[in-house]
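Here is final-v3.cif, consisting of mmCIF, C-alpha atoms:
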data_input
loop_
_atom_site.group_PDB
_atom_site.id
_atom_site.type_symbol
_atom_site.label_atom_id
_atom_site.label_comp_id
_atom_site.auth_asym_id
_atom_site.auth_seq_id
_atom_site.Cartn_x
_atom_site.Cartn_y
_atom_site.Cartn_z
ATOM 1 C CA MET L 1 31.633 26.696 34.216
ATOM 2 C CA THR L 2 28.432 24.826 35.039
ATOM 3 C CA VAL L 3 27.965 21.300 33.724
ATOM 4 C CA ILE L 4 24.386 20.126 33.139
ATOM 5 C CA LEU L 5 23.529 16.530 32.282
ATOM 6 C CA LEU L 6 20.290 17.018 30.372
ATOM 7 C CA VAL L 7 18.374 13.742 30.041
ATOM 8 C CA ASN L 8 15.385 12.825 27.909
ATOM 9 C CA PRO L 9 13.572 10.242 30.106
ATOM 10 C CA ALA L 10 11.594 9.058 27.068
ATOM 11 C CA CYS L 11 14.645 8.118 24.995
ATOM 12 C CA ARG L 12 15.195 4.449 24.224
ATOM 13 C CA ALA L 13 18.355 4.026 26.318
ATOM 14 C CA VAL L 14 16.817 5.455 29.495
ATOM 15 C CA ARG L 15 13.566 3.499 29.061
ATOM 16 C CA ARG L 16 15.604 0.301 28.892
ATOM 17 C CA ARG L 17 18.022 1.302 31.679
ATOM 18 C CA PRO L 18 16.303 3.610 34.196
ATOM 19 C CA ALA L 19 19.513 3.941 36.239
ATOM 20 C CA LEU L 20 21.436 5.222 33.213
ATOM 21 C CA PRO L 21 21.275 8.967 34.071
ATOM 22 C CA ASP L 22 22.875 8.390 37.488
ATOM 23 C CA GLN L 23 25.427 6.025 35.957
ATOM 24 C CA ALA L 24 26.289 8.583 33.285
ATOM 25 C CA ARG L 25 26.740 11.261 35.930
ATOM 26 C CA GLN L 26 29.137 8.996 37.836
ATOM 27 C CA ALA L 27 31.036 8.258 34.605
ATOM 28 C CA LEU L 28 31.699 11.947 34.023
ATOM 29 C CA THR L 29 35.095 12.878 35.456
ATOM 30 C CA GLY L 30 37.572 15.730 35.460
ATOM 31 C CA PRO L 31 35.986 19.126 34.754
ATOM 32 C CA TYR L 32 32.647 17.423 34.057
ATOM 33 C CA ALA L 33 32.306 15.684 37.426
ATOM 34 C CA ASP L 34 29.422 16.594 39.735
ATOM 35 C CA ALA L 35 27.163 17.549 36.839
ATOM 36 C CA THR L 36 23.650 18.714 37.683
ATOM 37 C CA VAL L 37 21.124 16.205 36.286
ATOM 38 C CA VAL L 38 18.065 17.737 34.637
ATOM 39 C CA ALA L 39 15.259 15.517 33.311
ATOM 40 C CA SER L 40 13.443 17.181 30.426
ATOM 41 C CA GLU L 41 9.668 17.143 30.142
ATOM 42 C CA SER L 42 9.493 17.662 26.365
ATOM 43 C CA LEU L 43 11.647 18.598 23.378
ATOM 44 C CA GLU L 44 10.545 22.200 23.900
ATOM 45 C CA ASP L 45 11.858 21.950 27.453
ATOM 46 C CA VAL L 46 15.214 20.697 26.133
ATOM 47 C CA THR L 47 15.464 23.751 23.892
ATOM 48 C CA ALA L 48 14.499 26.087 26.734
ATOM 49 C CA VAL L 49 17.137 24.672 29.105
ATOM 50 C CA ALA L 50 19.819 24.885 26.413
ATOM 51 C CA ALA L 51 18.823 28.420 25.414
ATOM 52 C CA GLY L 52 18.964 29.531 29.057
ATOM 53 C CA ALA L 53 22.497 28.278 29.646
ATOM 54 C CA ALA L 54 25.451 30.621 29.995
ATOM 55 C CA VAL L 55 28.027 30.879 27.232
ATOM 56 C CA ASP L 56 30.664 29.011 29.291
ATOM 57 C CA ASP L 57 28.294 26.214 30.374
ATOM 58 C CA VAL L 58 28.532 22.651 29.064
ATOM 59 C CA LEU L 59 25.339 20.725 28.307
ATOM 60 C CA VAL L 60 25.912 16.984 28.261
ATOM 61 C CA VAL L 61 22.779 15.710 26.522
ATOM 62 C CA LEU L 62 21.627 12.099 26.782
ATOM 63 C CA GLY L 63 19.042 11.324 24.124
ATOM 64 C CA GLY L 64 18.411 10.502 20.493
ATOM 65 C CA ASP L 65 18.855 12.649 17.413
ATOM 66 C CA GLY L 66 15.565 14.469 18.051
ATOM 67 C CA THR L 67 16.688 15.427 21.564
ATOM 68 C CA LEU L 68 20.070 16.575 20.285
ATOM 69 C CA ARG L 69 18.335 18.645 17.597
ATOM 70 C CA ALA L 70 16.261 20.366 20.282
ATOM 71 C CA ALA L 71 19.366 21.015 22.380
ATOM 72 C CA ALA L 72 21.291 22.366 19.397
ATOM 73 C CA THR L 73 18.463 24.805 18.690
ATOM 74 C CA GLY L 74 18.931 26.162 22.209
ATOM 75 C CA VAL L 75 22.734 26.308 22.358
ATOM 76 C CA ALA L 76 22.798 28.079 18.982
ATOM 77 C CA ARG L 77 21.031 30.911 20.833
ATOM 78 C CA SER L 78 22.939 30.808 24.133
ATOM 79 C CA GLY L 79 26.432 29.982 22.867
ATOM 80 C CA ALA L 80 26.843 27.146 25.387
ATOM 81 C CA VAL L 81 28.736 23.965 24.445
ATOM 82 C CA LEU L 82 26.865 20.755 23.586
ATOM 83 C CA ALA L 83 28.306 17.325 24.416
ATOM 84 C CA PRO L 84 26.187 14.520 22.885
ATOM 85 C CA LEU L 85 25.665 11.135 24.550
ATOM 86 C CA PRO L 86 23.829 8.534 22.425
ATOM 87 C CA GLY L 87 20.451 7.457 23.781
ATOM 88 C CA GLY L 88 18.165 6.965 20.790
ATOM 89 C CA SER L 89 17.317 4.374 18.176
ATOM 90 C CA GLY L 90 19.436 5.698 15.298
ATOM 91 C CA ASN L 91 22.080 7.909 16.975
ATOM 92 C CA ASP L 92 23.188 9.185 13.571
ATOM 93 C CA LEU L 93 24.808 12.373 14.861
ATOM 94 C CA CYS L 94 26.969 10.371 17.275
ATOM 95 C CA ARG L 95 27.845 7.924 14.498
ATOM 96 C CA HIS L 96 28.978 10.766 12.245
ATOM 97 C CA LEU L 97 31.063 12.327 15.020
ATOM 98 C CA ARG L 98 32.547 8.908 15.967
ATOM 99 C CA ILE L 99 31.210 9.101 19.495
ATOM 100 C CA PRO L 100 31.029 5.676 21.215
ATOM 101 C CA LEU L 101 27.499 4.270 20.943
ATOM 102 C CA ASP L 102 27.599 3.100 24.564
ATOM 103 C CA PRO L 103 26.565 6.223 26.514
ATOM 104 C CA LEU L 104 28.672 5.286 29.557
ATOM 105 C CA ARG L 105 31.789 4.824 27.431
ATOM 106 C CA ALA L 106 31.059 8.152 25.773
ATOM 107 C CA ALA L 107 30.614 9.878 29.153
ATOM 108 C CA ALA L 108 33.860 8.431 30.498
ATOM 109 C CA ALA L 109 35.752 9.613 27.400
ATOM 110 C CA LEU L 110 34.393 13.173 27.540
ATOM 111 C CA PRO L 111 37.481 14.745 29.238
ATOM 112 C CA SER L 112 39.577 13.799 26.185
ATOM 113 C CA TRP L 113 37.203 15.419 23.685
ATOM 114 C CA THR L 114 37.855 18.703 21.942
ATOM 115 C CA GLU L 115 35.624 21.584 20.902
ATOM 116 C CA GLN L 116 34.610 22.100 17.294
ATOM 117 C CA ARG L 117 31.970 24.051 15.431
ATOM 118 C CA MET L 118 29.168 22.419 13.433
ATOM 119 C CA ASP L 119 26.685 23.711 10.878
ATOM 120 C CA LEU L 120 22.995 23.825 11.731
ATOM 121 C CA GLY L 121 20.394 23.123 9.062
ATOM 122 C CA ASP L 122 17.107 25.004 8.975
ATOM 123 C CA VAL L 123 13.721 24.052 7.501
ATOM 124 C CA ASP L 124 11.547 27.167 7.583
ATOM 125 C CA GLY L 125 12.809 28.021 11.072
ATOM 126 C CA GLN L 126 13.059 24.448 12.397
ATOM 127 C CA SER L 127 16.658 23.402 13.047
ATOM 128 C CA PHE L 128 18.302 20.068 12.259
ATOM 129 C CA LEU L 129 21.744 18.535 12.738
ATOM 130 C CA THR L 130 21.841 15.513 10.430
ATOM 131 C CA ILE L 131 19.512 15.044 7.427
ATOM 132 C CA ALA L 132 16.216 16.549 6.300
ATOM 133 C CA THR L 133 14.231 14.290 4.021
ATOM 134 C CA LEU L 134 10.992 13.871 2.121
ATOM 135 C CA GLY L 135 9.477 11.067 0.105
ATOM 136 C CA PHE L 136 10.211 7.443 0.946
ATOM 137 C CA THR L 137 12.595 8.125 3.846
ATOM 138 C CA ALA L 138 10.168 10.582 5.436
ATOM 139 C CA ALA L 139 7.475 7.900 5.224
ATOM 140 C CA ILE L 140 9.853 5.479 6.972
ATOM 141 C CA ASN L 141 10.342 7.971 9.806
ATOM 142 C CA GLU L 142 6.608 8.495 10.106
ATOM 143 C CA GLN L 143 5.961 4.745 10.251
ATOM 144 C CA ALA L 144 8.785 4.106 12.742
ATOM 145 C CA ASN L 145 7.601 6.878 15.060
ATOM 146 C CA ARG L 146 4.217 5.152 15.431
ATOM 147 C CA VAL L 147 5.859 2.060 16.930
ATOM 148 C CA HIS L 148 6.085 1.988 20.733
ATOM 149 C CA ARG L 149 8.976 -0.472 20.910
ATOM 150 C CA ARG L 150 11.919 1.246 19.196
ATOM 151 C CA GLY L 151 15.298 -0.089 18.231
ATOM 152 C CA PRO L 152 18.029 0.221 15.608
ATOM 153 C CA PHE L 153 16.165 -2.102 13.203
ATOM 154 C CA ILE L 154 12.807 -0.316 13.368
ATOM 155 C CA TYR L 155 13.741 1.738 10.304
ATOM 156 C CA VAL L 156 14.567 -1.381 8.286
ATOM 157 C CA ALA L 157 11.239 -2.952 9.285
ATOM 158 C CA ALA L 158 9.377 0.210 8.271
ATOM 159 C CA ALA L 159 11.211 0.316 4.927
ATOM 160 C CA VAL L 160 10.315 -3.285 4.122
ATOM 161 C CA ALA L 161 6.658 -2.642 4.945
ATOM 162 C CA LEU L 162 6.452 0.529 2.847
ATOM 163 C CA LEU L 163 8.595 -0.444 -0.132
ATOM 164 C CA PRO L 164 5.814 -2.186 -2.142
ATOM 165 C CA LEU L 165 3.632 0.927 -1.759
ATOM 166 C CA VAL L 166 6.104 3.686 -2.614
ATOM 167 C CA ARG L 167 5.615 5.764 -5.760
ATOM 168 C CA PRO L 168 7.603 8.715 -7.148
ATOM 169 C CA THR L 169 6.387 12.305 -6.782
ATOM 170 C CA ALA L 170 7.074 15.356 -8.909
ATOM 171 C CA ILE L 171 9.494 17.325 -6.719
ATOM 172 C CA THR L 172 10.771 20.720 -7.781
ATOM 173 C CA HIS L 173 13.918 22.071 -6.197
ATOM 174 C CA VAL L 174 15.306 25.532 -6.730
ATOM 175 C CA ALA L 175 18.997 25.941 -5.961
ATOM 176 C CA ASP L 176 21.622 28.414 -7.140
ATOM 177 C CA GLY L 177 19.047 30.069 -9.381
ATOM 178 C CA THR L 178 18.218 26.846 -11.213
ATOM 179 C CA ARG L 179 14.735 25.303 -11.100
ATOM 180 C CA THR L 180 14.568 21.529 -11.649
ATOM 181 C CA THR L 181 11.566 19.177 -11.513
ATOM 182 C CA LEU L 182 12.106 15.437 -11.148
ATOM 183 C CA ASP L 183 9.875 12.423 -10.564
ATOM 184 C CA ALA L 184 11.706 11.533 -7.378
ATOM 185 C CA TRP L 185 11.258 8.692 -4.893
ATOM 186 C CA MET L 186 13.038 10.562 -2.126
ATOM 187 C CA VAL L 187 15.186 13.627 -1.524
ATOM 188 C CA SER L 188 17.703 13.940 1.300
ATOM 189 C CA VAL L 189 19.280 17.252 2.329
ATOM 190 C CA ALA L 190 22.268 16.345 4.464
ATOM 191 C CA SER L 191 24.629 18.099 6.836
ATOM 192 C CA THR L 192 26.016 14.742 8.019
ATOM 193 C CA SER L 193 26.446 11.385 6.356
ATOM 194 C CA SER L 194 23.846 8.930 7.666
ATOM 195 C CA GLN L 195 20.276 8.398 8.812
ATOM 196 C CA GLY L 196 18.184 5.478 10.023
ATOM 197 C CA GLY L 197 20.902 4.097 12.281
ATOM 198 C CA GLY L 198 23.973 4.394 10.062
ATOM 199 C CA ILE L 199 22.635 4.152 6.500
ATOM 200 C CA GLN L 200 25.114 6.194 4.454
ATOM 201 C CA VAL L 201 22.816 8.478 2.501
ATOM 202 C CA ALA L 202 25.433 11.187 1.886
ATOM 203 C CA PRO L 203 28.813 9.613 2.662
ATOM 204 C CA GLY L 204 30.754 12.690 1.576
ATOM 205 C CA ALA L 205 28.848 15.188 3.726
ATOM 206 C CA VAL L 206 30.974 17.459 5.921
ATOM 207 C CA ALA L 207 29.343 18.897 9.027
ATOM 208 C CA ASP L 208 31.219 22.208 9.082
ATOM 209 C CA ASP L 209 31.677 23.201 5.426
ATOM 210 C CA GLY L 210 28.733 25.617 5.226
ATOM 211 C CA LEU L 211 27.013 23.468 2.584
ATOM 212 C CA LEU L 212 24.190 20.918 2.391
ATOM 213 C CA ASP L 213 24.498 17.729 0.337
ATOM 214 C CA VAL L 214 21.330 17.182 -1.721
ATOM 215 C CA VAL L 215 20.800 13.565 -2.796
ATOM 216 C CA CYS L 216 17.852 12.893 -5.105
ATOM 217 C CA HIS L 217 16.699 9.397 -6.152
ATOM 218 C CA ASP L 218 14.837 9.754 -9.457
ATOM 219 C CA ALA L 219 15.034 6.220 -10.884
ATOM 220 C CA ARG L 220 12.689 5.634 -13.819
ATOM 221 C CA THR L 221 11.318 2.357 -12.466
ATOM 222 C CA TRP L 222 10.465 0.844 -9.088
ATOM 223 C CA TRP L 223 13.041 -1.898 -9.600
ATOM 224 C CA ARG L 224 15.770 0.607 -10.384
ATOM 225 C CA PHE L 225 14.872 2.505 -7.207
ATOM 226 C CA VAL L 226 15.142 -0.728 -5.186
ATOM 227 C CA VAL L 227 18.563 -1.389 -6.722
ATOM 228 C CA GLY L 228 19.649 2.096 -5.666
ATOM 229 C CA LEU L 229 18.406 1.525 -2.119
ATOM 230 C CA VAL L 230 20.240 -1.782 -1.820
ATOM 231 C CA ALA L 231 23.404 -0.167 -3.152
ATOM 232 C CA THR L 232 23.087 2.531 -0.477
ATOM 233 C CA LEU L 233 22.593 -0.063 2.263
ATOM 234 C CA LEU L 234 25.703 -1.902 1.037
ATOM 235 C CA ARG L 235 27.627 1.392 1.007
ATOM 236 C CA ARG L 236 28.147 1.063 -2.750
ATOM 237 C CA PRO L 237 26.140 4.010 -4.082
ATOM 238 C CA LEU L 238 25.246 3.965 -7.753
ATOM 239 C CA ARG L 239 27.317 6.077 -10.119
ATOM 240 C CA ASP L 240 24.550 6.683 -12.642
ATOM 241 C CA ARG L 241 21.907 9.339 -13.247
ATOM 242 C CA SER L 242 19.270 7.647 -11.081
ATOM 243 C CA VAL L 243 20.936 9.162 -7.998
ATOM 244 C CA GLN L 244 21.762 12.854 -8.348
ATOM 245 C CA HIS L 245 23.965 14.819 -5.972
ATOM 246 C CA GLN L 246 24.800 18.484 -5.510
ATOM 247 C CA ARG L 247 26.048 20.800 -2.765
ATOM 248 C CA VAL L 248 24.194 24.010 -1.963
ATOM 249 C CA ALA L 249 23.880 26.589 0.800
ATOM 250 C CA SER L 250 20.089 26.730 0.440
ATOM 251 C CA LEU L 251 17.277 25.345 -1.680
ATOM 252 C CA ARG L 252 13.509 25.413 -1.984
ATOM 253 C CA LEU L 253 11.426 22.245 -2.351
ATOM 254 C CA GLU L 254 7.952 22.206 -3.898
ATOM 255 C CA THR L 255 5.493 19.371 -4.567
ATOM 256 C CA PRO L 256 1.995 19.207 -6.137
ATOM 257 C CA ARG L 257 0.504 18.568 -2.687
ATOM 258 C CA PRO L 258 1.985 19.157 0.776
ATOM 259 C CA MET L 259 4.364 16.383 1.843
ATOM 260 C CA PRO L 260 5.870 15.871 5.314
ATOM 261 C CA VAL L 261 9.509 16.793 5.869
ATOM 262 C CA TYR L 262 11.416 14.905 8.564
ATOM 263 C CA ALA L 263 14.778 15.756 10.112
ATOM 264 C CA ASP L 264 16.692 14.082 12.943
ATOM 265 C CA GLY L 265 13.825 11.585 13.253
ATOM 266 C CA GLU L 266 11.170 14.259 13.858
ATOM 267 C CA ARG L 267 8.589 15.917 11.645
ATOM 268 C CA VAL L 268 9.759 19.503 11.102
ATOM 269 C CA GLY L 269 7.415 20.790 8.391
ATOM 270 C CA THR L 270 5.782 20.221 5.011
ATOM 271 C CA THR L 271 6.405 21.252 1.445
ATOM 272 C CA PRO L 272 6.711 23.828 0.064
ATOM 273 C CA CYS L 273 9.697 24.705 2.232
ATOM 274 C CA THR L 274 13.061 26.418 2.142
ATOM 275 C CA ILE L 275 16.069 24.622 3.603
ATOM 276 C CA ARG L 276 19.173 26.581 4.553
ATOM 277 C CA VAL L 277 22.387 26.095 6.454
ATOM 278 C CA ARG L 278 23.649 28.232 9.336
ATOM 279 C CA PRO L 279 27.428 27.770 9.087
ATOM 280 C CA ARG L 280 29.256 26.754 12.278
ATOM 281 C CA ALA L 281 26.303 27.765 14.445
ATOM 282 C CA VAL L 282 26.777 25.136 17.185
ATOM 283 C CA ARG L 283 29.693 24.523 19.568
ATOM 284 C CA LEU L 284 30.256 20.799 20.227
ATOM 285 C CA LEU L 285 32.566 18.611 22.264
ATOM 286 C CA VAL L 286 33.595 15.622 20.135
ATOM 287 C CA PRO L 287 36.337 12.970 20.065
ATOM 288 C CA ARG L 288 39.629 14.088 18.568
ATOM 289 C CA ARG L 289 40.009 13.085 14.927
#
So that I can check it, write out the structure of this file as structure tokens.
Amino acid sequence: MTVILLVNPACRAVRRRPALPDQARQALTGPYADATVVASESLEDVTAVAAGAAVDDVLVVLGGDGTLRAAATGVARSGAVLAPLPGGSGNDLCRHLRIPLDPLRAAAALPSWTEQRMDLGDVDGQSFLTIATLGFTAAINEQANRVHRRGPFIYVAAAVALLPLVRPTAITHVADGTRTTLDAWMVSVASTSSQGGGIQVAPGAVADDGLLDVVCHDARTWWRFVVGLVATLLRRPLRDRSVQHQRVASLRLETPRPMPVYADGERVGTTPCTIRVRPRAVRLLVPRR
């Protein structure tokens, strides 16, 4: 078994703490000691390294959700095991898996973790691990990604700036043979529970059930949409028809004009698009439940 500590030098944690990769390597013990440190040059490079690993290799990946998405794309091809260390602004995959948000604590705990399988979402060939989204939340991602100084509250700041400008869009989704068109403010297609640094968009999502949770906000008024957002932030989701939820294995999304689709903090495509799930496609090391 070869252990590779794959680091994204551009991730928030490493930019703030340049010595972090060496410290993380020293924190790895037991079978993960003496890991080979590899600094990636791009997200494509992350995927290439992961895809080139052997099936019994372990890739300990230090980066944000976008880096982990790129690594998962690669290990889904190679069969290697992925061990996530949080290094981004949101770290929503690590939050869902209950991985410590301090990367050194997470690295030190790695010998006690266990292997499990996780589903991999797919937007027209682009993989994702957490949530694919369009509408208001995609606009938040786009705004946040333009900001050089990142942090866990950048998504809240972007939401506040964009909220007065948001308007609903006619979004058609086709799932299980049923075609539905709604004037929706945002649609989230979730494999895991949260986005934007822990905001519980789909609290019931299960990462290995072979299904995607589709959450659609189609409030009739701007104020009702704001109420729904606040309820989500307070982890008290509305129980009325302004927030619709279903579970599907695949769906197609269409809009009158192309709209950006974001997943794991990165732009992965535009509408129209087809979103599917690849059941249990990724091997992960995670804390015991």
task = Determine, counting all atoms listed in the file, which protein, DNA and RNA residues have an atom within 9 Å of an atom of Glu266 (chain L); residues of the same chain fewer than 6 positions away are not included. Present the result as a ChimeraX atom specification.
result = /L:65-66,141-142,145
key: Nearest to Asp213 (chain L), chosen from L:Arg247, L:Arg257, L:Arg105, L:Arg283, with only C-alpha atoms counted in the distances   = L:Arg247
Counting all atoms listed in the file, the option among L:Val7, L:Ala207, L:Leu182, L:Val55 closest to Ser194 (chain L) = L:Ala207
Select from region 36-55 of chain L every residue with an atom at most 12 Å from any atom of region 76-88 of chain L, then for each give the shortest pair of atoms and their distance in Å to one decimal, using all atoms listed in the file, rows by chain and rising number, as a tab-separated table.
residue	atom	partner	partner_atom	distance
L:Val46	CA	L:Leu82	CA	11.9
L:Thr47	CA	L:Arg77	CA	9.6
L:Ala48	CA	L:Ser78	CA	10.0
L:Val49	CA	L:Ser78	CA	9.8
L:Ala50	CA	L:Ser78	CA	7.1
L:Ala51	CA	L:Ser78	CA	4.9
L:Gly52	CA	L:Ser78	CA	6.5
L:Ala53	CA	L:Ser78	CA	6.1
L:Ala54	CA	L:Ala80	CA	5.9
L:Val55	CA	L:Ala80	CA	4.3
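For the structure shown here, the set of residues caught by the PyMOL selection byres ((chain L and resi 222) around 10) is Leu163, Pro164, Val166, Arg167, Pro168, Trp185, Asp218, Ala219, Arg220, Thr221, Trp223, Arg224, Phe225, Val226, Val227 and Gly228 of chain L.
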inquiry  = Using only C-alpha atoms - which residues lie no farther than 12 Å from the point (34.8, 22.4, 4.6) in the file's frame? Write them as a PyMOL selection string.
reply    = chain L and resi 117-119+191+204-212+247+279-280
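Taking CA of Pro287 (chain L) and CA of Asp56 (chain L) as the two end points, the separation is 19.4 Å.
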inquiry  = Please return as an NGL selection string every residue within 8 Å of (14.4, 23.7, 8.1), taking into account all atoms listed in the file and the file's own coordinates.
reply    = :L and (121-128 or 132 or 268-269 or 273-276)
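Using the PyMOL selection byres ((chain L and resi 131) around 9) on this structure selects L:Gly121, L:Phe128, L:Leu129, L:Thr130, L:Ala132, L:Thr133, L:Ser188, L:Val189, L:Ala190, L:Ser191, L:Thr192, L:Ser193, L:Ser194, L:Gln195, L:Val201, L:Ala202, L:Tyr262, L:Ala263, L:Asp264, L:Gly265.
Nearest-residue note for Val187 (chain L): choosing from L:Pro260, L:Gly135, L:Pro31, L:Pro103, the minimum distance belongs to L:Gly135, counting all atoms listed in the file.
The spacing separating CA of Cys11 (chain L) from CA of Gln200 (chain L) amounts to 23.1 Å.
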request  = Name the closest residue to Ile4 (chain L) among the candidates L:Asp183, L:Asp34, L:Asp45, L:Asp92; distances are taken between atoms, counting only C-alpha atoms.
outcome  = L:Asp34
ask   = Separation of CA of Gly196 (chain L) and CA of Leu110 (chain L), in Å?
value = 25.1 Å
Surrounding residues of Ala175 (chain L) excluding itself and chain neighbours under 5 positions, 8 Å, only C-alpha atoms, as a PyMOL selection string = chain L and resi 248+250-252
Can you list, as a PDB file with C-alpha atoms, in the frame of the given file, every protein, DNA or RNA residue that comes within 8 Å of His245 (chain L) when you count all atoms listed in the file, leaving out same-chain residues fewer than 5 positions away?
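The resulting around35.pdb:
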ATOM      1  CA  ASP L 213      24.498  17.729   0.337  1.00  0.00           C
ATOM      2  CA  VAL L 214      21.330  17.182  -1.721  1.00  0.00           C
ATOM      3  CA  VAL L 215      20.800  13.565  -2.796  1.00  0.00           C
ATOM      4  CA  CYS L 216      17.852  12.893  -5.105  1.00  0.00           C
TER       5      CYS L 216
END
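Closest approach to Ala27 (chain L) among L:Ala107, L:Leu6, L:Leu97, L:Val261: L:Ala107, based on only C-alpha atoms.
With all atoms listed in the file as the basis for measurement, L:Leu120 is the residue among L:Cys94, L:Ala39, L:Leu120, L:Ala138 that approaches Ala281 (chain L) most closely.
Excluding Tyr32 (chain L) itself and same-chain residues fewer than 3 positions from it, the residues having an atom within 8 Å of it are Val3, Leu28, Thr29, Ala35, Leu110 and Pro111 of chain L, counting all atoms listed in the file.
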Output the selection as a PDB file, in the coordinates of the input - C-alpha atoms for each residue.
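Heads up, here's the output in part.pdb:
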ATOM      1  CA  VAL L   3      27.965  21.300  33.724  1.00  0.00           C
ATOM      2  CA  LEU L  28      31.699  11.947  34.023  1.00  0.00           C
ATOM      3  CA  THR L  29      35.095  12.878  35.456  1.00  0.00           C
ATOM      4  CA  ALA L  35      27.163  17.549  36.839  1.00  0.00           C
ATOM      5  CA  LEU L 110      34.393  13.173  27.540  1.00  0.00           C
ATOM      6  CA  PRO L 111      37.481  14.745  29.238  1.00  0.00           C
TER       7      PRO L 111
END
How would region 80-137 of chain L of the given structure read as a file with C-alpha atoms, as a short mmCIF file (atom, residue, chain, number, x, y, z; two decimals), in the first residue's frame?
data_model
loop_
_atom_site.label_atom_id
_atom_site.label_comp_id
_atom_site.auth_asym_id
_atom_site.auth_seq_id
_atom_site.Cartn_x
_atom_site.Cartn_y
_atom_site.Cartn_z
CA ALA L 80 -8.07 3.66 -4.74
CA VAL L 81 -9.30 4.82 -1.31
CA LEU L 82 -9.91 8.51 -0.60
CA ALA L 83 -9.32 10.00 2.86
CA PRO L 84 -10.56 13.62 3.05
CA LEU L 85 -8.87 16.31 5.14
CA PRO L 86 -10.74 19.65 5.34
CA GLY L 87 -8.93 22.59 3.75
CA GLY L 88 -11.58 24.75 2.10
CA SER L 89 -14.07 27.45 2.95
CA GLY L 90 -17.21 25.31 3.29
CA ASN L 91 -15.90 21.76 3.90
CA ASP L 92 -19.41 20.38 3.48
CA LEU L 93 -18.33 16.83 2.64
CA CYS L 94 -16.26 16.64 5.83
CA ARG L 95 -19.15 18.10 7.82
CA HIS L 96 -21.51 15.45 6.48
CA LEU L 97 -19.04 12.65 7.25
CA ARG L 98 -18.34 14.09 10.74
CA ILE L 99 -14.66 14.54 10.02
CA PRO L 100 -12.96 17.03 12.39
CA LEU L 101 -12.75 20.46 10.74
CA ASP L 102 -9.18 20.93 11.99
CA PRO L 103 -7.08 19.15 9.33
CA LEU L 104 -4.37 18.16 11.83
CA ARG L 105 -6.91 16.60 14.18
CA ALA L 106 -8.43 14.78 11.22
CA ALA L 107 -5.00 13.51 10.09
CA ALA L 108 -4.13 12.28 13.58
CA ALA L 109 -7.46 10.42 13.83
CA LEU L 110 -7.10 8.69 10.44
CA PRO L 111 -5.83 5.31 11.81
CA SER L 112 -9.16 4.87 13.65
CA TRP L 113 -11.29 5.49 10.56
CA THR L 114 -13.08 2.79 8.62
CA GLU L 115 -13.78 2.26 4.94
CA GLN L 116 -17.21 2.88 3.46
CA ARG L 117 -18.67 3.38 0.02
CA MET L 118 -20.27 6.64 -1.13
CA ASP L 119 -22.45 7.58 -4.09
CA LEU L 120 -21.09 9.89 -6.77
CA GLY L 121 -23.38 12.39 -8.47
CA ASP L 122 -22.99 13.22 -12.15
CA VAL L 123 -23.99 16.32 -14.13
CA ASP L 124 -23.58 15.48 -17.81
CA GLY L 125 -20.30 13.69 -17.09
CA GLN L 126 -19.05 16.04 -14.35
CA SER L 127 -18.91 14.34 -10.95
CA PHE L 128 -19.95 15.76 -7.59
CA LEU L 129 -19.96 14.54 -3.99
CA THR L 130 -22.28 16.90 -2.12
CA ILE L 131 -24.94 19.07 -3.82
CA ALA L 132 -25.58 20.28 -7.36
CA THR L 133 -27.58 23.47 -7.53
CA LEU L 134 -29.02 26.12 -9.81
CA GLY L 135 -30.83 29.38 -9.23
CA PHE L 136 -30.13 31.48 -6.15
CA THR L 137 -27.58 29.12 -4.56
#
